[in-house]
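One structure below.
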Amino acid sequence: MSLVDGKTFGIIGYGSQGHAHALNLYDNGLDVMVGLYEGSSSIAKAEAEGLKVGMVAEVAEQSDIIMMLIPDHLQSEVYRESIQQHMLPGKTLMFAHGFNIHYDTIQAPEGVDVSMVAPKAPGHRMREVFTKGSGVPGLLAVHQDATGNAHAVGLAYARGVGCTRAGVLDTTFKEETETDLFGEQAVLCGGVTALVKAAYETLIEAGYQPESAYFECMHELKLIVDLLYQGGMGYMRYSVSDTAEFGDYTRGPVVVDAQVKENMKEVLARIQDGSFAREWIAENDEGRPTFYRMREENAAHPIEEVGKELRAMMPFLQDVD
Ligand code: NDP
Ligand code: MG
Ligand code: MG
């Protein structure tokens, strides 16, 4: 930590990741400033926690280590307008996700270190785990090492936010960016919701009640995921019935067949060749027409209707609607 002794950490943004990084560093005795914009609703939140707050440009000027924690699609513009001119030699520019560096929408000057600490958890979970004395694992990568200390400073940052309490894995911007996008597209967000919707529709079209379809295809997913998270596939299979386990082995590959893997390879190829990134950047430039239309269409899916009604009857679930 001696490398970051007396250094100022400028945390740009105070959302999911921003609040967790700023507060964890602050609790570890480090000098933290939060960078926001005029009229930002986050200003009051950060100030209420006793943090110093300034406008992005001001914070970039006064900080030695600048961590970009605003939404990815805004980073390149904010960087160009308020940060770039303050990236003097010897400073460090950091990220929690490699998108803008890997797809080259942000270029830091030569004398600046560019690194990444990507905590492997949503920000609120990261903060909660830290306050209980532990930490969430993190990925560490260096894109540009001007000072020769980029890796060591990155590791000190990871320690400051609590990641070394769990463990830090060395990776590259390329690997973090491409595997992160692939994971959320193929499994975590895209794959899972497509699988659940298709299964729900299959039961409804065959005449079953929406409530039964919801419980079997969506509600119980959480219980299975918890077992996978805790003890792997073996522990999940130990916990479910032998009938479920036999169905798993024999029918899983029928549902997710070889064609699905081919589709996944196609999705990965579009990440690797940059066309997914170009599509998303263009979508943002055009005001997100497709994104907003799809958000509406998906919100109107019948599974969301019945889900809302059923969750309202389960007082142990805090409904987030
Ligand atoms: P959020 O959407 O939560 O960030 C919102 C914050 O940014 C708010 O404080 C918002 O202020 C502020 N903000 C928005 N626009 C500006 C601006 N122009 N200038 C200054 N501040 C602004 O982001 P995330 O925490 O989700 O993501 C941050 C980074 O972390 C991304 O690179 C993401 O990929 C990465 N990441 C995110 C994870 C997560 O848990 N969500 C997990 C791992 C990595 P206001 O609300 O007042 O508008
Ligand atoms: Mg992601
Ligand atoms: Mg069952």
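Letters A, B, ... mark the chains of the structure tokens in the order given; residue numbers begin at 1 per chain; ligand numbers begin at 1, in order shown.
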Exercise for the section: Identify, counting only C-alpha atoms and all ligand atoms, the protein, DNA and RNA residues located within 9 Å of ligand 1, and give them as a PyMOL selection string. Expected result: chain A and resi 12-20+34-43+45-46+55-56+68-75+77-78+82+95-100+117-126
Exercise for the section: Write down as a ChimeraX atom specification the residues of stretch 43-221 of chain A whose backbone DSSP state falls under alpha helix (DSSP H). Expected result: /A:43-48,56-62,72-78,99-102,123-131,150-160,173-183,190-205,210-214,221
At most 9 Å is the cut-off: for each residue in chain A with any atom that close to an atom of ligand 3, write down the nearest atom pair and the distance in Å rounded to one decimal, counting only C-alpha atoms and all ligand atoms, chain first then increasing number, as JSON lines.
```
{"residue": "A:Glu216", "atom": "CA", "partner": "ligand 3", "partner_atom_place_in_ligand_line": "1 (Mg)", "distance": 6.4}
{"residue": "A:Glu220", "atom": "CA", "partner": "ligand 3", "partner_atom_place_in_ligand_line": "1 (Mg)", "distance": 8.1}
{"residue": "A:Val240", "atom": "CA", "partner": "ligand 3", "partner_atom_place_in_ligand_line": "1 (Mg)", "distance": 8.7}
{"residue": "A:Ser241", "atom": "CA", "partner": "ligand 3", "partner_atom_place_in_ligand_line": "1 (Mg)", "distance": 8.7}
{"residue": "A:Ala244", "atom": "CA", "partner": "ligand 3", "partner_atom_place_in_ligand_line": "1 (Mg)", "distance": 7.3}
```
Practice task
Give as a list in words the residues surrounding ligand 2 up to a distance of 7 Å, considering only C-alpha atoms and all ligand atoms.
Solution key: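 The neighbouring residues of ligand 2 are, in order, Asp180, Leu181 and Glu184 of chain A.
Distance-wise, atom CA of A:Leu227 and atom CA of A:Asp170 end up 27.5 Å apart.
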Problem - Top pick for closest residue to A:Gly135, considering A:Val260, A:Ala156, A:Ala48, A:Cys163 and counting only C-alpha atoms - result: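 Residue with the minimum atom-to-atom distance to A:Gly135: A:Cys163.
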Practice task
Compare A:Asp113, A:Asp248, A:Glu81, A:Asp27 by their minimum atom-to-atom distance to A:Phe130, counting only C-alpha atoms, and give me the closest one.
Solution key: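 Using only C-alpha atoms, the shortest distance to A:Phe130 belongs to A:Asp27.
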Exercise for the section: Excluding A:Val112 and residues on its chain fewer than 5 positions from it, collect all residues at most 9 Å away from it, counting only C-alpha atoms, and give them as a PyMOL selection string. Expected result: chain A and resi 87-93+144-147
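Take the candidates A:Val59, A:Glu201, A:Asp104, A:Ala258 and check each one against A:Arg278 using only C-alpha atoms; the shortest distance goes to A:Asp104.
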Practice task
Give the strand (DSSP E or B) residues of stretch 39-78 of chain A, as assigned by DSSP on the backbone, as a PyMOL selection string.
Solution key: chain A and resi 52-55+65-68
Problem - Top pick for closest residue to A:His301, considering A:Val153, A:Ala198, A:Val4, A:Ala269 and counting only C-alpha atoms - result: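 Answer, going by the shortest atom-to-atom distance: A:Ala198.
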Name the residues in contact with A:Gln272 at a cut-off of 10 Å, using only C-alpha atoms, excluding same-chain residues fewer than 6 positions from it; report them as a PDB file with C-alpha atoms, in the first residue's frame.
```
ATOM      1  CA  TYR A 103     -12.799  -1.403 -28.274  1.00  0.00           C
ATOM      2  CA  LYS A 174      -9.265  -8.453 -23.941  1.00  0.00           C
ATOM      3  CA  GLU A 175     -10.075 -11.511 -21.852  1.00  0.00           C
ATOM      4  CA  THR A 177     -14.153  -7.714 -21.871  1.00  0.00           C
ATOM      5  CA  GLU A 178     -14.847 -10.623 -24.195  1.00  0.00           C
ATOM      6  CA  THR A 179     -15.657 -13.194 -21.500  1.00  0.00           C
ATOM      7  CA  LEU A 181     -19.891  -9.903 -22.688  1.00  0.00           C
ATOM      8  CA  PHE A 182     -20.096 -13.559 -23.673  1.00  0.00           C
ATOM      9  CA  GLU A 266     -21.379 -17.181 -33.540  1.00  0.00           C
TER      10      GLU A 266
END
```
Problem - Interatomic distance (Å, one decimal) between atom CA of A:Tyr235 and atom CA of A:Tyr249 - result: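 Distance reported for this atom pair: 14.7 Å.
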Exercise for the section: Pick out the residues sitting within 6 Å of A:Val168, and hand them over as a ChimeraX atom specification; count only C-alpha atoms, and ignore anything fewer than 2 positions along from it in its own chain. Expected result: /A:137-139,164
Exercise for the section: Tell me which protein, DNA and RNA residues are within 8 Å of stretch 50-52 of chain A, counting only C-alpha atoms, leaving out same-chain ones fewer than 5 positions away, and put them as a list in words. Expected result: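 Contacts, with the query itself left out: Tyr26, Val32, Met33 and Val34 of chain A.
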Grab the residues selected above and save them as an mmCIF file, in the first residue's frame with N, CA and C atoms.
```cif
data_model
loop_
_atom_site.group_PDB
_atom_site.id
_atom_site.type_symbol
_atom_site.label_atom_id
_atom_site.label_comp_id
_atom_site.auth_asym_id
_atom_site.auth_seq_id
_atom_site.Cartn_x
_atom_site.Cartn_y
_atom_site.Cartn_z
ATOM 1 N N TYR A 26 -12.422 4.564 1.323
ATOM 2 C CA TYR A 26 -12.519 5.554 2.412
ATOM 3 C C TYR A 26 -12.413 4.860 3.779
ATOM 4 N N VAL A 32 -10.230 9.906 -0.731
ATOM 5 C CA VAL A 32 -11.171 9.657 -1.827
ATOM 6 C C VAL A 32 -11.933 10.924 -2.191
ATOM 7 N N MET A 33 -12.114 11.137 -3.494
ATOM 8 C CA MET A 33 -13.005 12.189 -3.994
ATOM 9 C C MET A 33 -13.958 11.545 -4.985
ATOM 10 N N VAL A 34 -15.207 11.993 -4.994
ATOM 11 C CA VAL A 34 -16.179 11.450 -5.940
ATOM 12 C C VAL A 34 -16.467 12.499 -7.006
#
```
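Between atom CA of A:Leu203 and atom CA of A:Met236 the interatomic distance comes to 24.1 Å.
Of the residues under consideration (A:Ile11, A:Arg80, A:Leu25, A:Leu268), A:Ile11 shows the shortest atom-to-atom contact distance to A:Val53 when counting only C-alpha atoms.
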Problem - Residue among A:Gly247, A:Gly252, A:Gly183, A:Gly232 lying closest to A:Ile271, counting only C-alpha atoms - result: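 Of the candidates, the smallest distance to A:Ile271 is held by A:Gly183.
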Practice task
Please provide the set of residues having any atom within 8 Å of A:Thr172, restricted to only C-alpha atoms, with same-chain residues fewer than 6 positions apart removed, written as a list of chain:residue names.
Solution key: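 My reading of the contact set: A:Leu140, A:Ala141, A:Val142, A:His143.
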